[in-house]
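Asker: Here it is, the structure in full.
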Amino acid sequence: MLQVEQLTKTYPTGDRLLTVLDRVSFKVEAGTSCAIVGPSGSGKTTLLGLCAGLDRATSGSVILNQITLDNMNEDERASVRNQHVGFVFQSFNLLPTLTALENVMVPLELRREKGIRQRAMDLLTQVGLGDRYNHYPAQLSGGEQQRVSLARAFANKPAILFADEPTGNLDNETGETIEALLFDLNKASGTTLVLVTHNLELARKCNRVLHMKGGALVADEMLSISSQNQPLA
Amino acid sequence: MKITWLAKMAWRDSRKNRGRLLLFMSSIVLGIAALVAIQSFGGNLRDQIEDEAKALLGADIAIESRQPIPPELIGFFDSLKMKFAREVSFASMVQFFPGGGTRLVNVRAVESGFPFYGELETKPAKASVDIGNQSLALVDRGLMLQFGAKTEDSIGIGNLRFNIKGEVLKVPGQSGIAATVAPPVFMPYNKLSQTGLLQKGSRLNYALYIKYPAGFDTRLYESLIKPKLEKEDFRFNDVAERKKEVGDAYANLTSFLNLTAFIALLLGCIGVASSVHIYMKEKVQTVALLRCLGASGKDGMGIFAMQILIMGLIGSVMGAFAGTAIQYALPAVFADFLPVEVQPKPSWPAIFTGIGTGVLAALLFSLFPLLGIRRISPLKAIRASFEKGDKDPLRYGAFILVALFLVGFAWLQTGDLISATYFSGALVAAFGILTAFAQLIIYLVRRFLPVRQSFIWRHGLSNLYRPNNQTLTLVITIGLGTALITLLMLIQQLLLDKVKFSSAPENRPNMVIFDIQDEQVKPIEKLTSDYQLPLLGSVPIVTMRLHGLNGQTVEKLKEDTTNGISRGLLNREYRVTYRDSLIESETLVEGQWQGKVAKPGDSIFISVDDGIAQSLKLKIGDLVVFNVQGALLTTYVGSFRDVDFQRVQTNFLVLFPAGVLEEAPQFFVQLTRFDSTAQSASFQKALVSQFPNVSVIDLNLVLETVDEVLSKVSFVIRFMAFFSMVTGLLVLIGSVLISKYQRIQESVLLRTLGASRKQIAGINLVEYFLLGSLSAFSGIAIALAAGSLLAKVSFDAVLLPQPVPLLITFGSITLLTMIIGLLNSREVVNKPPLEILRKEAG
């Protein structure tokens, strides 16, 4: 589902180059869940952005659902995201002038599908917000906004879901609710999940954990079913 | 359909932004209103000129000459069964009775029947039809008011007294301004000779008005009449020619007015551009997110382009309707300048043109920030990018399109590509200067921030250069607005200064007495002396015409169309004088001044004004033969003079040396000076009573008349400037308000950290004081530079700006900016921080 080869990202700053990612390589199989953990500044979000086609690598390649992203232009990448990718963001990133329902409908509208309103309503109901469909983000709590965000992420039945610190802005209790919802929806749809977090407990819920440090992949930990939900070393 | 989705998203996104979007578009409402008003008015004026074409001339043909119309010509028209009316008009003094007040007027002695088309509007109505055979006069209304005269009072014209039959309210084909400059008095044609005013030297204008008989084949005009008149060298006008002349003159007026309206629109477009620029900055996150979800760059741009398009359309439609309403007031504003009464009515071509212009302008001026939307990276949804993007070549295209729009519109109005390019180039240059100035401010404040200053000053100053500062936007917007409005003010002042005579020191004349006959010279000198008025000059004038140049007769020269000499100069009457020395207003530029002919038979060397010498293609030593009232006089060009015709002196194009014309038929001009209006009035009364053929130019009155005319002109300019000023105000308000959200967030944070109300207000005051004052200063500086250049190039004058209006402009702009900035922060200082944040986010 996701294959990353020697992925490197550098930025010129003044008269030197800042290496944010240094020759990272890994593969994620379809239907599995993978957490990327590491301290702040380790390159986790940069890696996520490159994997999702939000940015261009300095060198290396990304193959997403058998599609090589490297030489695509921005519009081609956008199309790939619309067809194959779902996003959940740390700061929810709902469109503030759209209702909850309209936010969920946007990916489907971009695909020009029919009958999307009912599908969007069903998704909202699935996340427990069926009766809040016409509320704006400002009228929803943080947890409710993230639930809408989850519904939107699954609206286009993505092959792969990228989640960037999905519970980072939530309290523990709400965060747990969101986590449960995320994994339930993921399991039900069979989507591949790539999750960036510095929350090790959340990471434990995935099949695999990639440890990042200083822009490099320092450890790749496969978790057995029994070791999931156990504290990481 | 993609368009449907874009429209849907545009609508959704506008939900929380409609107020702001409408504020952007209010910037262009007034500009479009001004354009539509002027274009509607111009269209209605053209229609009215078309409908009243015959009334503009008052006849089918009007023939004019400085010589009496030959009886053969009159016989020619008589043979074609045409009706005609003769007229003689001239400047003359009149005296009102009782009261005795005197004034120089335009006397029109006209035969009954004229005007054949249109009507001489009088009070009482139809008074003109009674004027035929009696000693009756119709007097300009302004004159009646000035002298407190009433119908049935009398007026003295030359040796005759006439009963005032009525007031002249409007002469067909003549504007109110013309009546201000030369107020008409109508008298019967058959009484003219009895007035004794047809003397040698009188400047008489002869006219013959012709009306075609019923059923006349107008093709005969082209085939028979026109060629005859051209052959005999008469000045004449037919209805089509007059219509074209009047139409062209008012087309120039409406073009000028359209340009001033365009300035208002431009200000509005600048407002749109700056508002959209800030608005787009706030949409970065939205667009980045849409790109994450699969929207293309063009989709993002399309959504906001749709918003701009709709808002531009709404603003333009509002402007078009406002303009249609405003044009009903324009006939009153321009009444004094129009030869016809305009009936305002909606003009659909003007409305649609205005709407189209507004939409196009809104889109074009938003293009630059809109193009940036395409390249927003989806990565911005998860982090701020610190990589600089590549230069976008399409943005250069946006600049070019805007420049083409500016040049194209100005070209449409002026009809002259060069002027249009200069106009647009000047605007672009102003924009560039203001941009550079803003960046200089940012650099200087950042570099030299006074760290020892108080917290309020430091924070206010640092707001000028911090990220998301509005320095560039506001300096450009306010600066350009100030520059345009100040420039309009300076142009107005320049026009007024241009016609003011320099204030004369005590020994300079301010009264000119002319049409003095030979035998009247001494008696008038005595009268002048009796009234304690100094005689500052007594100048003889001899009238003559050109007979030939360098061996070629005037007729031969007129036949040669390649010599570049105007027929008017060859045909005209020359009024020359003779003396042995030059006067203060003359400077010899080439040749030698003879001064005096030693003995009869010696060659006569004349001195010619260098301007007319160029027009007549004269060189030093050329032979010039004059016809002095029947006698031919051979002369040679001895010198060229530069004559300052603006000086209050008797200035002449041709100057003879002494010893040549002393015995020729001549009349005189005397110059004197009065010290008070009462002295002038009593002297003129006595002069006109004793010498009714003599006329007086009172320079104070001339200045008053010029002031009156110019005050009407400046009212029109100020009326048009009003659109620019109000638009400028809206743009200022909009620019400051649009950045409200950023300011609120910062101010709320400061409040949360413990800043007092006074400190928050103080920081805002400092920032807006600096922005307002620096912008106003730069705008005024640009206007002064542009005004000086305009004065030099167009008027060959030096701009002498009055400091007080400039200081008022500077102060007003600065104060307005500060007030609007303070109002922006009023909510922050009065309400709890969280309440404000919730309201802004919701």
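In the structure tokens, chains take letters A, B, ... by order of appearance, with residues numbered from 1 within each chain and ligands from 1 in the order shown.
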DSSP on the backbone: what in segment 64-148 of chain A comes out helix (DSSP H, G or I), as number ranges by chain?

Answerer: A: 74-84, 100-110, 116-126, 130-132, 137-139, 142-148

Asker: Tell me, counting only C-alpha atoms, for each residue of chain A within 10 Å of chain B, which pair of atoms is nearest and how far apart they are in Å to one decimal, in rows ordered by chain and increasing number, as a Markdown table.

Answerer:
```
| residue | atom | partner | partner_atom | distance |
| --- | --- | --- | --- | --- |
| A:Tyr11 | CA | B:Glu387 | CA | 7.3 |
| A:Pro12 | CA | B:Glu387 | CA | 8.0 |
| A:Thr13 | CA | B:Glu387 | CA | 8.8 |
| A:Thr45 | CA | B:Ile382 | CA | 7.8 |
| A:Thr46 | CA | B:Arg383 | CA | 8.9 |
| A:Leu48 | CA | B:Ile382 | CA | 9.6 |
| A:Gly49 | CA | B:Leu379 | CA | 6.5 |
| A:Leu50 | CA | B:Leu379 | CA | 9.0 |
| A:Ala52 | CA | B:Cys292 | CA | 8.7 |
| A:Gly53 | CA | B:Pro378 | CA | 8.8 |
| A:Leu54 | CA | B:Leu379 | CA | 5.1 |
| A:Asp55 | CA | B:Leu379 | CA | 6.2 |
| A:Arg56 | CA | B:Leu379 | CA | 9.9 |
| A:Glu74 | CA | B:Ser296 | CA | 7.5 |
| A:Asp75 | CA | B:Ser296 | CA | 5.1 |
| A:Glu76 | CA | B:Ser296 | CA | 8.4 |
| A:Arg77 | CA | B:Gly294 | CA | 7.9 |
| A:Ala78 | CA | B:Gly294 | CA | 4.2 |
| A:Ser79 | CA | B:Gly294 | CA | 5.3 |
| A:Val80 | CA | B:Gly294 | CA | 7.3 |
| A:Arg81 | CA | B:Gly294 | CA | 5.4 |
| A:Asn82 | CA | B:Gly294 | CA | 4.2 |
| A:Gln83 | CA | B:Gly294 | CA | 7.8 |
| A:His84 | CA | B:Gly294 | CA | 9.7 |
| A:Val85 | CA | B:Leu293 | CA | 8.1 |
| A:Gly86 | CA | B:Leu293 | CA | 7.6 |
| A:Phe87 | CA | B:Cys292 | CA | 7.7 |
| A:Phe89 | CA | B:Ile382 | CA | 7.2 |
| A:Gln90 | CA | B:Ile382 | CA | 8.1 |
| A:Ser91 | CA | B:Ile382 | CA | 8.4 |
| A:Phe92 | CA | B:Ala381 | CA | 9.9 |
| A:Asn93 | CA | B:Leu289 | CA | 7.0 |
| A:Leu94 | CA | B:Leu289 | CA | 8.2 |
| A:Leu95 | CA | B:Thr286 | CA | 6.3 |
| A:Pro96 | CA | B:Asp13 | CA | 8.0 |
| A:Thr97 | CA | B:Asp13 | CA | 5.2 |
| A:Leu98 | CA | B:Arg12 | CA | 6.0 |
| A:Thr99 | CA | B:Arg12 | CA | 8.9 |
| A:Glu102 | CA | B:Arg12 | CA | 9.0 |
| A:Val106 | CA | B:Leu293 | CA | 7.8 |
| A:Pro107 | CA | B:Leu293 | CA | 5.8 |
| A:Leu108 | CA | B:Leu293 | CA | 9.5 |
| A:Glu109 | CA | B:Trp5 | CA | 7.3 |
| A:Leu110 | CA | B:Ala295 | CA | 6.6 |
| A:Arg111 | CA | B:Gly294 | CA | 8.6 |
| A:Arg112 | CA | B:Met1 | CA | 8.0 |
| A:Tyr136 | CA | B:Gly842 | CA | 8.3 |
| A:Pro137 | CA | B:Gly842 | CA | 8.4 |
| A:Ala138 | CA | B:Gly842 | CA | 5.3 |
| A:Gln139 | CA | B:Gly842 | CA | 7.6 |
| A:Arg152 | CA | B:Leu293 | CA | 9.3 |
| A:Ala153 | CA | B:Leu293 | CA | 8.7 |
| A:Asn156 | CA | B:Leu293 | CA | 9.6 |
| A:Asp164 | CA | B:Ile382 | CA | 8.0 |
```

Asker: Hey, can you spit out that residue selection with N, CA and C atoms as a short mmCIF file (atom, residue, chain, number, x, y, z; two decimals), in the first residue's frame?

Answerer:
```cif
data_model
loop_
_atom_site.label_atom_id
_atom_site.label_comp_id
_atom_site.auth_asym_id
_atom_site.auth_seq_id
_atom_site.Cartn_x
_atom_site.Cartn_y
_atom_site.Cartn_z
N TYR A 11 16.04 21.49 3.58
CA TYR A 11 15.62 22.88 3.34
C TYR A 11 16.84 23.77 3.38
N PRO A 12 16.94 24.67 2.44
CA PRO A 12 18.05 25.64 2.55
C PRO A 12 17.68 26.70 3.57
N THR A 13 18.53 26.95 4.54
CA THR A 13 18.29 28.03 5.50
C THR A 13 19.55 28.87 5.56
N THR A 45 6.07 14.65 11.11
CA THR A 45 5.06 15.32 10.31
C THR A 45 5.54 15.51 8.89
N THR A 46 6.84 15.80 8.74
CA THR A 46 7.41 15.94 7.40
C THR A 46 7.26 14.64 6.63
N LEU A 48 5.03 12.32 7.15
CA LEU A 48 3.62 12.15 6.85
C LEU A 48 3.23 12.95 5.61
N GLY A 49 3.67 14.20 5.60
CA GLY A 49 3.34 15.06 4.48
C GLY A 49 3.85 14.51 3.16
N LEU A 50 5.08 13.94 3.17
CA LEU A 50 5.64 13.39 1.94
C LEU A 50 4.90 12.14 1.52
N ALA A 52 1.86 11.45 2.02
CA ALA A 52 0.51 11.79 1.54
C ALA A 52 0.54 12.62 0.27
N GLY A 53 1.76 12.91 -0.22
CA GLY A 53 1.85 13.71 -1.44
C GLY A 53 1.58 15.18 -1.22
N LEU A 54 1.68 15.62 0.03
CA LEU A 54 1.46 17.05 0.29
C LEU A 54 2.69 17.88 -0.03
N ASP A 55 3.82 17.21 -0.16
CA ASP A 55 5.07 17.91 -0.38
C ASP A 55 5.93 17.07 -1.31
N ARG A 56 7.01 17.68 -1.81
CA ARG A 56 7.93 16.94 -2.70
C ARG A 56 9.22 16.66 -1.93
N GLU A 74 1.18 19.05 -9.12
CA GLU A 74 0.34 19.27 -7.93
C GLU A 74 -1.10 18.82 -8.16
N ASP A 75 -1.63 19.07 -9.33
CA ASP A 75 -3.02 18.69 -9.58
C ASP A 75 -3.17 17.17 -9.64
N GLU A 76 -2.18 16.49 -10.16
CA GLU A 76 -2.24 15.02 -10.22
C GLU A 76 -2.18 14.45 -8.80
N ARG A 77 -1.35 15.03 -7.97
CA ARG A 77 -1.28 14.57 -6.57
C ARG A 77 -2.60 14.82 -5.85
N ALA A 78 -3.20 16.01 -6.13
CA ALA A 78 -4.49 16.32 -5.50
C ALA A 78 -5.52 15.27 -5.89
N SER A 79 -5.49 14.89 -7.14
CA SER A 79 -6.43 13.87 -7.61
C SER A 79 -6.20 12.55 -6.89
N VAL A 80 -4.94 12.17 -6.72
CA VAL A 80 -4.60 10.93 -6.00
C VAL A 80 -5.15 10.99 -4.57
N ARG A 81 -4.96 12.14 -3.93
CA ARG A 81 -5.45 12.29 -2.56
C ARG A 81 -6.97 12.14 -2.51
N ASN A 82 -7.63 12.74 -3.46
CA ASN A 82 -9.08 12.67 -3.47
C ASN A 82 -9.57 11.24 -3.67
N GLN A 83 -8.84 10.49 -4.50
CA GLN A 83 -9.29 9.12 -4.82
C GLN A 83 -8.91 8.10 -3.76
N HIS A 84 -7.73 8.29 -3.13
CA HIS A 84 -7.17 7.19 -2.34
C HIS A 84 -6.86 7.53 -0.89
N VAL A 85 -6.89 8.79 -0.52
CA VAL A 85 -6.35 9.18 0.78
C VAL A 85 -7.41 9.87 1.65
N GLY A 86 -7.34 9.58 2.95
CA GLY A 86 -8.14 10.31 3.93
C GLY A 86 -7.21 10.98 4.92
N PHE A 87 -7.64 12.12 5.49
CA PHE A 87 -6.80 12.86 6.44
C PHE A 87 -7.54 13.11 7.73
N PHE A 89 -6.53 15.60 11.04
CA PHE A 89 -5.50 16.55 11.48
C PHE A 89 -5.56 16.78 12.98
N GLN A 90 -4.48 17.25 13.49
CA GLN A 90 -4.42 17.58 14.92
C GLN A 90 -5.39 18.71 15.24
N SER A 91 -5.41 19.73 14.43
CA SER A 91 -6.29 20.88 14.72
C SER A 91 -7.58 20.81 13.91
N PHE A 92 -8.05 19.60 13.66
CA PHE A 92 -9.35 19.29 13.07
C PHE A 92 -9.46 19.79 11.62
N ASN A 93 -9.13 21.08 11.41
CA ASN A 93 -9.12 21.62 10.04
C ASN A 93 -10.45 21.44 9.31
N LEU A 94 -11.53 21.77 10.01
CA LEU A 94 -12.81 21.83 9.32
C LEU A 94 -12.94 23.19 8.66
N LEU A 95 -13.67 23.26 7.56
CA LEU A 95 -13.91 24.55 6.91
C LEU A 95 -14.93 25.31 7.75
N PRO A 96 -14.54 26.46 8.28
CA PRO A 96 -15.38 27.12 9.29
C PRO A 96 -16.72 27.63 8.77
N THR A 97 -16.82 27.83 7.49
CA THR A 97 -18.08 28.39 6.96
C THR A 97 -18.98 27.30 6.40
N LEU A 98 -18.59 26.04 6.58
CA LEU A 98 -19.44 24.93 6.13
C LEU A 98 -20.00 24.22 7.35
N THR A 99 -21.21 23.70 7.22
CA THR A 99 -21.80 22.93 8.31
C THR A 99 -21.07 21.59 8.43
N GLU A 102 -21.84 19.54 5.39
CA GLU A 102 -21.16 20.04 4.18
C GLU A 102 -19.67 19.72 4.24
N VAL A 106 -17.62 17.43 1.20
CA VAL A 106 -16.64 18.05 0.28
C VAL A 106 -15.83 17.04 -0.54
N PRO A 107 -15.22 16.00 0.08
CA PRO A 107 -14.43 15.06 -0.74
C PRO A 107 -15.29 14.36 -1.80
N LEU A 108 -16.55 14.09 -1.46
CA LEU A 108 -17.43 13.43 -2.41
C LEU A 108 -17.84 14.38 -3.52
N GLU A 109 -18.04 15.64 -3.17
CA GLU A 109 -18.39 16.64 -4.20
C GLU A 109 -17.24 16.78 -5.19
N LEU A 110 -16.01 16.70 -4.66
CA LEU A 110 -14.84 16.81 -5.55
C LEU A 110 -14.78 15.66 -6.53
N ARG A 111 -15.33 14.51 -6.13
CA ARG A 111 -15.35 13.34 -7.02
C ARG A 111 -16.59 13.34 -7.90
N ARG A 112 -17.46 14.34 -7.69
CA ARG A 112 -18.71 14.49 -8.48
C ARG A 112 -19.58 13.25 -8.38
N TYR A 136 -22.29 24.55 12.66
CA TYR A 136 -20.98 24.97 12.16
C TYR A 136 -19.90 24.55 13.14
N PRO A 137 -18.67 24.45 12.68
CA PRO A 137 -17.59 24.03 13.58
C PRO A 137 -17.51 24.84 14.87
N ALA A 138 -17.76 26.13 14.77
CA ALA A 138 -17.69 26.97 15.97
C ALA A 138 -18.72 26.57 17.01
N GLN A 139 -19.75 25.85 16.56
CA GLN A 139 -20.80 25.44 17.48
C GLN A 139 -20.54 24.05 18.07
N ARG A 152 -15.40 12.86 7.66
CA ARG A 152 -14.92 13.39 6.37
C ARG A 152 -13.79 12.51 5.83
N ALA A 153 -12.91 12.11 6.72
CA ALA A 153 -11.76 11.32 6.28
C ALA A 153 -12.18 10.00 5.64
N ASN A 156 -14.68 9.32 1.39
CA ASN A 156 -14.34 8.85 0.04
C ASN A 156 -13.77 7.43 0.04
N ASP A 164 -2.57 12.86 11.68
CA ASP A 164 -1.46 13.61 12.29
C ASP A 164 -1.89 14.06 13.69
#
```

Asker: Could you name the residues that touch Pro39 of chain A at 12 Å or less, counting only C-alpha atoms, but leaving out those on the same chain fewer than 6 positions away, as number ranges by chain?

Answerer: A: 45, 196-200, 211-216

Asker: Please provide the set of residues having any atom within 9 Å of Tyr328 of chain B, restricted to only C-alpha atoms, with same-chain residues fewer than 6 positions apart removed, written as a ChimeraX atom specification.

Answerer: /B:37,41,343-345

Asker: Please produce a file of the residues just selected, as a tab-separated table (two decimals), in the first residue's frame, where the atoms kept are C-alpha atoms.

Answerer:
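So result-v7.tsv came out as:
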```
chain	number	residue	atom	x	y	z
B	37	ALA	CA	-23.66	59.36	-14.32
B	41	PHE	CA	-25.36	62.60	-19.02
B	343	GLN	CA	-33.46	66.05	-20.23
B	344	PRO	CA	-32.00	63.30	-18.06
B	345	LYS	CA	-33.18	59.78	-18.66
```

Asker: What's the 12 Å shell around Phe652 of chain B, counting only C-alpha atoms, without same-chain residues fewer than 6 positions away, as a ChimeraX atom specification?

Answerer: /B:539-543,574-579,582-583,585-586,606-612,640-645

Asker: Would you pick out the contacts of segment 127-132 of chain A at 10 Å or less, using only C-alpha atoms, so that residues sharing its chain but fewer than 6 positions from it are not included, and give the list as a list in words?

Answerer: Thr99, Ala100, Leu101, Ala120, Met121, Gln139, Leu140, Glu144, Gln145, Gln146, Arg147, Val148, Ser149, Leu150, Ala151, Ile178, Leu181, Leu182 and Leu185 of chain A

Asker: Save out the residues we just selected, N, CA, C and O atoms, as a PDB file, in the first residue's frame.

Answerer:
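File produced: again.pdb:
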```pdb
ATOM      1  N   THR A  99     -21.212  23.697   7.218  1.00  0.00           N
ATOM      2  CA  THR A  99     -21.804  22.932   8.312  1.00  0.00           C
ATOM      3  C   THR A  99     -21.073  21.594   8.430  1.00  0.00           C
ATOM      4  O   THR A  99     -20.287  21.221   7.553  1.00  0.00           O
ATOM      5  N   ALA A 100     -21.397  20.878   9.465  1.00  0.00           N
ATOM      6  CA  ALA A 100     -20.785  19.562   9.671  1.00  0.00           C
ATOM      7  C   ALA A 100     -21.049  18.662   8.470  1.00  0.00           C
ATOM      8  O   ALA A 100     -20.143  18.001   7.936  1.00  0.00           O
ATOM      9  N   LEU A 101     -22.291  18.660   8.017  1.00  0.00           N
ATOM     10  CA  LEU A 101     -22.657  17.825   6.869  1.00  0.00           C
ATOM     11  C   LEU A 101     -21.893  18.258   5.627  1.00  0.00           C
ATOM     12  O   LEU A 101     -21.373  17.414   4.884  1.00  0.00           O
ATOM     13  N   ALA A 120     -23.153  11.033   3.499  1.00  0.00           N
ATOM     14  CA  ALA A 120     -22.527  11.910   4.498  1.00  0.00           C
ATOM     15  C   ALA A 120     -23.306  11.880   5.807  1.00  0.00           C
ATOM     16  O   ALA A 120     -22.729  11.855   6.904  1.00  0.00           O
ATOM     17  N   MET A 121     -24.628  11.885   5.697  1.00  0.00           N
ATOM     18  CA  MET A 121     -25.477  11.807   6.901  1.00  0.00           C
ATOM     19  C   MET A 121     -25.215  10.517   7.644  1.00  0.00           C
ATOM     20  O   MET A 121     -25.122  10.481   8.865  1.00  0.00           O
ATOM     21  N   GLN A 139     -19.749  25.855  16.557  1.00  0.00           N
ATOM     22  CA  GLN A 139     -20.805  25.443  17.483  1.00  0.00           C
ATOM     23  C   GLN A 139     -20.543  24.051  18.071  1.00  0.00           C
ATOM     24  O   GLN A 139     -21.367  23.528  18.829  1.00  0.00           O
ATOM     25  N   LEU A 140     -19.420  23.445  17.685  1.00  0.00           N
ATOM     26  CA  LEU A 140     -19.090  22.108  18.149  1.00  0.00           C
ATOM     27  C   LEU A 140     -17.883  22.163  19.079  1.00  0.00           C
ATOM     28  O   LEU A 140     -17.006  23.033  18.924  1.00  0.00           O
ATOM     29  N   GLU A 144     -16.143  16.936  19.179  1.00  0.00           N
ATOM     30  CA  GLU A 144     -17.168  16.831  18.129  1.00  0.00           C
ATOM     31  C   GLU A 144     -16.581  17.214  16.773  1.00  0.00           C
ATOM     32  O   GLU A 144     -16.868  16.567  15.755  1.00  0.00           O
ATOM     33  N   GLN A 145     -15.749  18.239  16.781  1.00  0.00           N
ATOM     34  CA  GLN A 145     -15.117  18.637  15.508  1.00  0.00           C
ATOM     35  C   GLN A 145     -14.241  17.511  14.975  1.00  0.00           C
ATOM     36  O   GLN A 145     -14.225  17.224  13.774  1.00  0.00           O
ATOM     37  N   GLN A 146     -13.511  16.863  15.872  1.00  0.00           N
ATOM     38  CA  GLN A 146     -12.633  15.782  15.412  1.00  0.00           C
ATOM     39  C   GLN A 146     -13.459  14.608  14.890  1.00  0.00           C
ATOM     40  O   GLN A 146     -13.044  13.930  13.946  1.00  0.00           O
ATOM     41  N   ARG A 147     -14.651  14.416  15.448  1.00  0.00           N
ATOM     42  CA  ARG A 147     -15.518  13.347  14.944  1.00  0.00           C
ATOM     43  C   ARG A 147     -16.007  13.666  13.536  1.00  0.00           C
ATOM     44  O   ARG A 147     -16.085  12.808  12.668  1.00  0.00           O
ATOM     45  N   VAL A 148     -16.333  14.917  13.340  1.00  0.00           N
ATOM     46  CA  VAL A 148     -16.725  15.337  11.980  1.00  0.00           C
ATOM     47  C   VAL A 148     -15.550  15.108  11.034  1.00  0.00           C
ATOM     48  O   VAL A 148     -15.719  14.643   9.888  1.00  0.00           O
ATOM     49  N   SER A 149     -14.357  15.449  11.516  1.00  0.00           N
ATOM     50  CA  SER A 149     -13.154  15.272  10.717  1.00  0.00           C
ATOM     51  C   SER A 149     -12.959  13.796  10.351  1.00  0.00           C
ATOM     52  O   SER A 149     -12.564  13.457   9.232  1.00  0.00           O
ATOM     53  N   LEU A 150     -13.241  12.910  11.295  1.00  0.00           N
ATOM     54  CA  LEU A 150     -13.155  11.483  11.029  1.00  0.00           C
ATOM     55  C   LEU A 150     -14.162  11.054   9.960  1.00  0.00           C
ATOM     56  O   LEU A 150     -13.840  10.309   9.036  1.00  0.00           O
ATOM     57  N   ALA A 151     -15.378  11.548  10.098  1.00  0.00           N
ATOM     58  CA  ALA A 151     -16.411  11.219   9.111  1.00  0.00           C
ATOM     59  C   ALA A 151     -15.977  11.671   7.727  1.00  0.00           C
ATOM     60  O   ALA A 151     -16.130  10.963   6.729  1.00  0.00           O
ATOM     61  N   ILE A 178     -12.097   9.330  20.591  1.00  0.00           N
ATOM     62  CA  ILE A 178     -11.698   9.518  19.190  1.00  0.00           C
ATOM     63  C   ILE A 178     -10.840   8.368  18.699  1.00  0.00           C
ATOM     64  O   ILE A 178     -11.004   7.865  17.579  1.00  0.00           O
ATOM     65  N   LEU A 181     -13.016   5.423  17.992  1.00  0.00           N
ATOM     66  CA  LEU A 181     -13.790   5.670  16.765  1.00  0.00           C
ATOM     67  C   LEU A 181     -12.909   5.492  15.541  1.00  0.00           C
ATOM     68  O   LEU A 181     -13.294   4.883  14.530  1.00  0.00           O
ATOM     69  N   LEU A 182     -11.701   6.010  15.635  1.00  0.00           N
ATOM     70  CA  LEU A 182     -10.753   5.928  14.520  1.00  0.00           C
ATOM     71  C   LEU A 182     -10.466   4.477  14.168  1.00  0.00           C
ATOM     72  O   LEU A 182     -10.543   4.068  12.990  1.00  0.00           O
ATOM     73  N   LEU A 185     -13.663   2.575  12.833  1.00  0.00           N
ATOM     74  CA  LEU A 185     -13.983   2.928  11.436  1.00  0.00           C
ATOM     75  C   LEU A 185     -12.944   2.331  10.500  1.00  0.00           C
ATOM     76  O   LEU A 185     -13.275   1.847   9.407  1.00  0.00           O
TER      77      LEU A 185
END
```

Asker: Skipping near chain neighbours, those fewer than 4 positions away, what residues fall within 12 Å of segment 551-554 of chain B using only C-alpha atoms, listed as an NGL selection string?

Answerer: :B and (545-547 or 558-560 or 563 or 565-572 or 616 or 622-627 or 632 or 634-636)
